[in-house]
Amino acid sequence: MARRKYVVGNWKMNGLTEALGEAGAIFAAARGHAAVDVALCPPFTLIGAMAALPEGGTVGGQDCHVQASGAFTGSVSAPMLADAGARLVIVGHSERREGYGESDGDVKAKAEAALAAGLSVILCVGEPRKVRESGDAIDYVLAQVRQSLPDGFDRSRLAIAYEPIWAIGTGLVPTIEDVAAMHGSIRAALTERIGAGAADLRLLYGGSVNGENAAELLGAGDVDGALVGGASLTAAKFLPIVEAAA
Ligand code: PEP
């Protein structure tokens with residue numbers, strides 16, 4: 001099965017109602033690139049409105065709780081995301097792992113909760129700068145993959161995003177060789193775990209992707225798309241990345 005390119009925007013804690021115009025422009029233009037799957041993950045507050053935009057488009061959440069409902073003040077569950085119109089959710093983003101102490105076990109439980117709710121999942125992994133500098137990045141990331149991968153999953157509904165923490169929001173990117181080596185290693189670890197079907201899983205790169213570097217990053221071995229933060233907030237910055245994937 002050929003892997004379709006996948007470009008996903010993570011709006012993080014950005015976006016008021018007025019930002020829906022950017023989402024509409026992105027979705028409208030994305031329709032012209034039939035070979036690329038495009039999705040936007042706004043804050044919870046915009047999911048319903050973004051999913052209802054007349055331009056149509058795939059909308060996701062940035063996190064979910066492991067439980068479907070209950071006494072968890074401030075949290076949002078996977079069934080709630082689906083109910084609001086989301087079709088996917090990001091789990092294990094480094095800002096959740098670092099800022100909220102999420103372990104690989106937590107990330108795995110969230111991925112399983114999301115899949116059970118019918119959502120697709122983008123599972124994030126990535127090493128801190130010190131680990132990259134010490135030369136242990138591949139071992140570190142493969143341990144994250146092995147420990148946070150859900151048990152038993154539909155290959156069409158899981159993607160893995162490799163996001164070196166030191167590249168997120170910094171303007172720094174790994175060399176193309178390092179990206180290809182990491183993605184190849186992740187693919188090999190997935191093959192060890194689930195067999196030849198691992199060839200169907202999409203592996204995204206994330207970390208300071210922009211219109212200038214997207215074509216090169218998307219051309220690296222085993223890179224099937226991009227998870228984009230800052231450059232996903234406006235159509236002017238995001239669409240060149242979608243075009244680079246097309
Ligand atoms: C992200 O946080 O997922 C991300 C990749 O951010 P940026 O593109 O801004 O580096």
# chains A, B, ... in the order shown; residues from 1 in each chain; ligands from 1

$ residues_around --residues "Leu158 (chain A)" --least-positions-apart "5" --cutoff "8 Å" --atoms "only C-alpha atoms" --output "list in words"
Ser120, Val121, Ile122, Leu123, Phe153, Leu201 and Arg202 of chain A

$ write_last_selection --atoms "N, CA and C atoms" --output "PDB file, in the first residue's frame"
ATOM      1  N   SER A 120      -8.271   8.626  14.706  1.00  0.00           N
ATOM      2  CA  SER A 120      -6.910   8.293  14.293  1.00  0.00           C
ATOM      3  C   SER A 120      -5.960   8.961  15.281  1.00  0.00           C
ATOM      4  N   VAL A 121      -4.733   8.467  15.317  1.00  0.00           N
ATOM      5  CA  VAL A 121      -3.778   8.941  16.314  1.00  0.00           C
ATOM      6  C   VAL A 121      -2.480   9.362  15.634  1.00  0.00           C
ATOM      7  N   ILE A 122      -1.928  10.479  16.106  1.00  0.00           N
ATOM      8  CA  ILE A 122      -0.548  10.835  15.769  1.00  0.00           C
ATOM      9  C   ILE A 122       0.231  10.757  17.070  1.00  0.00           C
ATOM     10  N   LEU A 123       1.102   9.779  17.143  1.00  0.00           N
ATOM     11  CA  LEU A 123       1.858   9.520  18.377  1.00  0.00           C
ATOM     12  C   LEU A 123       3.245  10.151  18.243  1.00  0.00           C
ATOM     13  N   PHE A 153      -3.446  -2.356  16.874  1.00  0.00           N
ATOM     14  CA  PHE A 153      -4.044  -1.143  16.292  1.00  0.00           C
ATOM     15  C   PHE A 153      -4.231  -1.334  14.797  1.00  0.00           C
ATOM     16  N   LEU A 201       2.461   2.191   7.809  1.00  0.00           N
ATOM     17  CA  LEU A 201       2.350   3.280   8.783  1.00  0.00           C
ATOM     18  C   LEU A 201       3.046   4.542   8.292  1.00  0.00           C
ATOM     19  N   ARG A 202       2.406   5.674   8.536  1.00  0.00           N
ATOM     20  CA  ARG A 202       3.036   6.924   8.115  1.00  0.00           C
ATOM     21  C   ARG A 202       3.890   7.500   9.234  1.00  0.00           C
TER      22      ARG A 202
END

$ select_by_dssp --residues "region 22-84 of chain A" --states "helix (DSSP H, G or I)" --output "ChimeraX atom specification"
/A:22-30,44-51,78-84

$ write_last_selection --atoms "N, CA and C atoms" --output "PDB file, in the first residue's frame"
ATOM      1  N   GLU A  22      -8.357  31.510   8.543  1.00  0.00           N
ATOM      2  CA  GLU A  22      -7.114  30.872   8.068  1.00  0.00           C
ATOM      3  C   GLU A  22      -7.363  29.387   7.816  1.00  0.00           C
ATOM      4  N   ALA A  23      -8.105  28.769   8.730  1.00  0.00           N
ATOM      5  CA  ALA A  23      -8.403  27.332   8.558  1.00  0.00           C
ATOM      6  C   ALA A  23      -9.220  27.114   7.287  1.00  0.00           C
ATOM      7  N   GLY A  24     -10.197  27.982   7.053  1.00  0.00           N
ATOM      8  CA  GLY A  24     -11.020  27.846   5.846  1.00  0.00           C
ATOM      9  C   GLY A  24     -10.167  27.977   4.592  1.00  0.00           C
ATOM     10  N   ALA A  25      -9.245  28.935   4.601  1.00  0.00           N
ATOM     11  CA  ALA A  25      -8.372  29.128   3.436  1.00  0.00           C
ATOM     12  C   ALA A  25      -7.465  27.912   3.245  1.00  0.00           C
ATOM     13  N   ILE A  26      -6.981  27.352   4.334  1.00  0.00           N
ATOM     14  CA  ILE A  26      -6.123  26.164   4.246  1.00  0.00           C
ATOM     15  C   ILE A  26      -6.919  24.982   3.683  1.00  0.00           C
ATOM     16  N   PHE A  27      -8.107  24.753   4.214  1.00  0.00           N
ATOM     17  CA  PHE A  27      -8.900  23.609   3.750  1.00  0.00           C
ATOM     18  C   PHE A  27      -9.291  23.765   2.278  1.00  0.00           C
ATOM     19  N   ALA A  28      -9.656  24.991   1.904  1.00  0.00           N
ATOM     20  CA  ALA A  28     -10.070  25.214   0.508  1.00  0.00           C
ATOM     21  C   ALA A  28      -8.910  24.906  -0.439  1.00  0.00           C
ATOM     22  N   ALA A  29      -7.730  25.407  -0.107  1.00  0.00           N
ATOM     23  CA  ALA A  29      -6.575  25.172  -0.988  1.00  0.00           C
ATOM     24  C   ALA A  29      -6.131  23.713  -0.947  1.00  0.00           C
ATOM     25  N   ALA A  30      -6.269  23.079   0.215  1.00  0.00           N
ATOM     26  CA  ALA A  30      -5.818  21.681   0.357  1.00  0.00           C
ATOM     27  C   ALA A  30      -6.619  20.755  -0.555  1.00  0.00           C
ATOM     28  N   PHE A  44      -9.070  22.914  21.836  1.00  0.00           N
ATOM     29  CA  PHE A  44     -10.391  22.286  22.000  1.00  0.00           C
ATOM     30  C   PHE A  44     -11.532  23.231  21.632  1.00  0.00           C
ATOM     31  N   THR A  45     -11.370  24.521  22.011  1.00  0.00           N
ATOM     32  CA  THR A  45     -12.457  25.488  21.854  1.00  0.00           C
ATOM     33  C   THR A  45     -12.853  25.726  20.407  1.00  0.00           C
ATOM     34  N   LEU A  46     -11.967  25.430  19.465  1.00  0.00           N
ATOM     35  CA  LEU A  46     -12.270  25.704  18.049  1.00  0.00           C
ATOM     36  C   LEU A  46     -12.623  24.445  17.258  1.00  0.00           C
ATOM     37  N   ILE A  47     -12.563  23.276  17.900  1.00  0.00           N
ATOM     38  CA  ILE A  47     -12.755  22.044  17.125  1.00  0.00           C
ATOM     39  C   ILE A  47     -14.127  22.007  16.443  1.00  0.00           C
ATOM     40  N   GLY A  48     -15.179  22.270  17.206  1.00  0.00           N
ATOM     41  CA  GLY A  48     -16.531  22.170  16.638  1.00  0.00           C
ATOM     42  C   GLY A  48     -16.715  23.131  15.475  1.00  0.00           C
ATOM     43  N   ALA A  49     -16.309  24.371  15.677  1.00  0.00           N
ATOM     44  CA  ALA A  49     -16.503  25.384  14.632  1.00  0.00           C
ATOM     45  C   ALA A  49     -15.632  25.081  13.420  1.00  0.00           C
ATOM     46  N   MET A  50     -14.415  24.604  13.653  1.00  0.00           N
ATOM     47  CA  MET A  50     -13.532  24.319  12.517  1.00  0.00           C
ATOM     48  C   MET A  50     -14.054  23.123  11.723  1.00  0.00           C
ATOM     49  N   ALA A  51     -14.578  22.143  12.440  1.00  0.00           N
ATOM     50  CA  ALA A  51     -15.103  20.955  11.755  1.00  0.00           C
ATOM     51  C   ALA A  51     -16.355  21.293  10.948  1.00  0.00           C
ATOM     52  N   ALA A  78     -11.537  11.307  24.558  1.00  0.00           N
ATOM     53  CA  ALA A  78     -11.531  10.987  23.127  1.00  0.00           C
ATOM     54  C   ALA A  78     -12.950  10.949  22.541  1.00  0.00           C
ATOM     55  N   PRO A  79     -13.922  10.331  23.227  1.00  0.00           N
ATOM     56  CA  PRO A  79     -15.288  10.382  22.662  1.00  0.00           C
ATOM     57  C   PRO A  79     -15.814  11.813  22.539  1.00  0.00           C
ATOM     58  N   MET A  80     -15.397  12.687  23.452  1.00  0.00           N
ATOM     59  CA  MET A  80     -15.833  14.097  23.351  1.00  0.00           C
ATOM     60  C   MET A  80     -15.231  14.763  22.121  1.00  0.00           C
ATOM     61  N   LEU A  81     -13.965  14.458  21.859  1.00  0.00           N
ATOM     62  CA  LEU A  81     -13.332  15.014  20.646  1.00  0.00           C
ATOM     63  C   LEU A  81     -14.089  14.547  19.401  1.00  0.00           C
ATOM     64  N   ALA A  82     -14.375  13.249  19.373  1.00  0.00           N
ATOM     65  CA  ALA A  82     -15.089  12.701  18.207  1.00  0.00           C
ATOM     66  C   ALA A  82     -16.463  13.350  18.087  1.00  0.00           C
ATOM     67  N   ASP A  83     -17.112  13.530  19.211  1.00  0.00           N
ATOM     68  CA  ASP A  83     -18.450  14.140  19.221  1.00  0.00           C
ATOM     69  C   ASP A  83     -18.409  15.580  18.705  1.00  0.00           C
ATOM     70  N   ALA A  84     -17.300  16.263  18.956  1.00  0.00           N
ATOM     71  CA  ALA A  84     -17.161  17.666  18.525  1.00  0.00           C
ATOM     72  C   ALA A  84     -16.795  17.775  17.048  1.00  0.00           C
TER      73      ALA A  84
END

$ residues_around --residues "region 174-176 of chain A" --least-positions-apart "3" --cutoff "9 Å" --atoms "only C-alpha atoms" --output "PyMOL selection string"
chain A and resi 164+167+179-181+207+216-217+219-221

$ write_last_selection --atoms "N, CA and C atoms" --output "compact mmCIF listing (two decimals), in the first residue's frame"
# COMPACT_ATOMS: atom_id res chain seq x y z
N PRO A 164 12.27 15.95 17.21
CA PRO A 164 13.34 16.23 18.16
C PRO A 164 12.99 17.47 18.97
N ALA A 167 14.39 20.82 18.21
CA ALA A 167 14.04 21.43 16.91
C ALA A 167 12.68 22.12 16.95
N VAL A 179 17.57 12.69 9.95
CA VAL A 179 16.12 12.43 9.87
C VAL A 179 15.87 11.07 9.22
N ALA A 180 16.56 10.82 8.11
CA ALA A 180 16.35 9.54 7.40
C ALA A 180 16.78 8.36 8.27
N ALA A 181 17.88 8.53 9.01
CA ALA A 181 18.35 7.43 9.87
C ALA A 181 17.34 7.16 10.98
N GLY A 207 9.30 19.70 13.67
CA GLY A 207 10.33 20.51 14.31
C GLY A 207 10.82 21.55 13.34
N GLU A 216 12.86 19.50 1.17
CA GLU A 216 14.01 18.65 1.48
C GLU A 216 13.67 17.65 2.58
N LEU A 217 13.00 18.13 3.64
CA LEU A 217 12.66 17.23 4.74
C LEU A 217 11.69 16.15 4.28
N GLY A 219 11.45 14.95 1.47
CA GLY A 219 12.09 14.05 0.51
C GLY A 219 13.02 13.04 1.18
N ALA A 220 13.21 13.18 2.49
CA ALA A 220 14.13 12.26 3.19
C ALA A 220 13.50 10.87 3.26
N GLY A 221 14.35 9.85 3.35
CA GLY A 221 13.88 8.47 3.38
C GLY A 221 12.91 8.23 4.52

$ atom_distance --atom1 "CA of Ile90 (chain A)" --atom2 "CA of Lys110 (chain A)"
9.4 Å

$ residues_around --residues "Asp63 (chain A)" --least-positions-apart "5" --cutoff "12 Å" --atoms "only C-alpha atoms" --output "PyMOL selection string"
chain A and resi 10+12-13+41-44+75-78+80-81+86+88-97+100+102+106-107+109-111+113-114+119+121-124

$ closest_residue --among "A:Lys130, A:Arg87, A:Lys237, A:Arg187" --to "Tyr162 (chain A)" --atoms "only C-alpha atoms"
A:Arg187

$ atom_distance --atom1 "CA of Glu127 (chain A)" --atom2 "CA of Tyr140 (chain A)"
6.6 Å

$ closest_residue --among "A:Arg155, A:His33, A:Asn14, A:Ala52" --to "ligand 1" --atoms "only C-alpha atoms and all ligand atoms"
A:Asn14

$ atom_distance --atom1 "CA of Val173 (chain A)" --atom2 "CA of Asp224 (chain A)"
16.8 Å
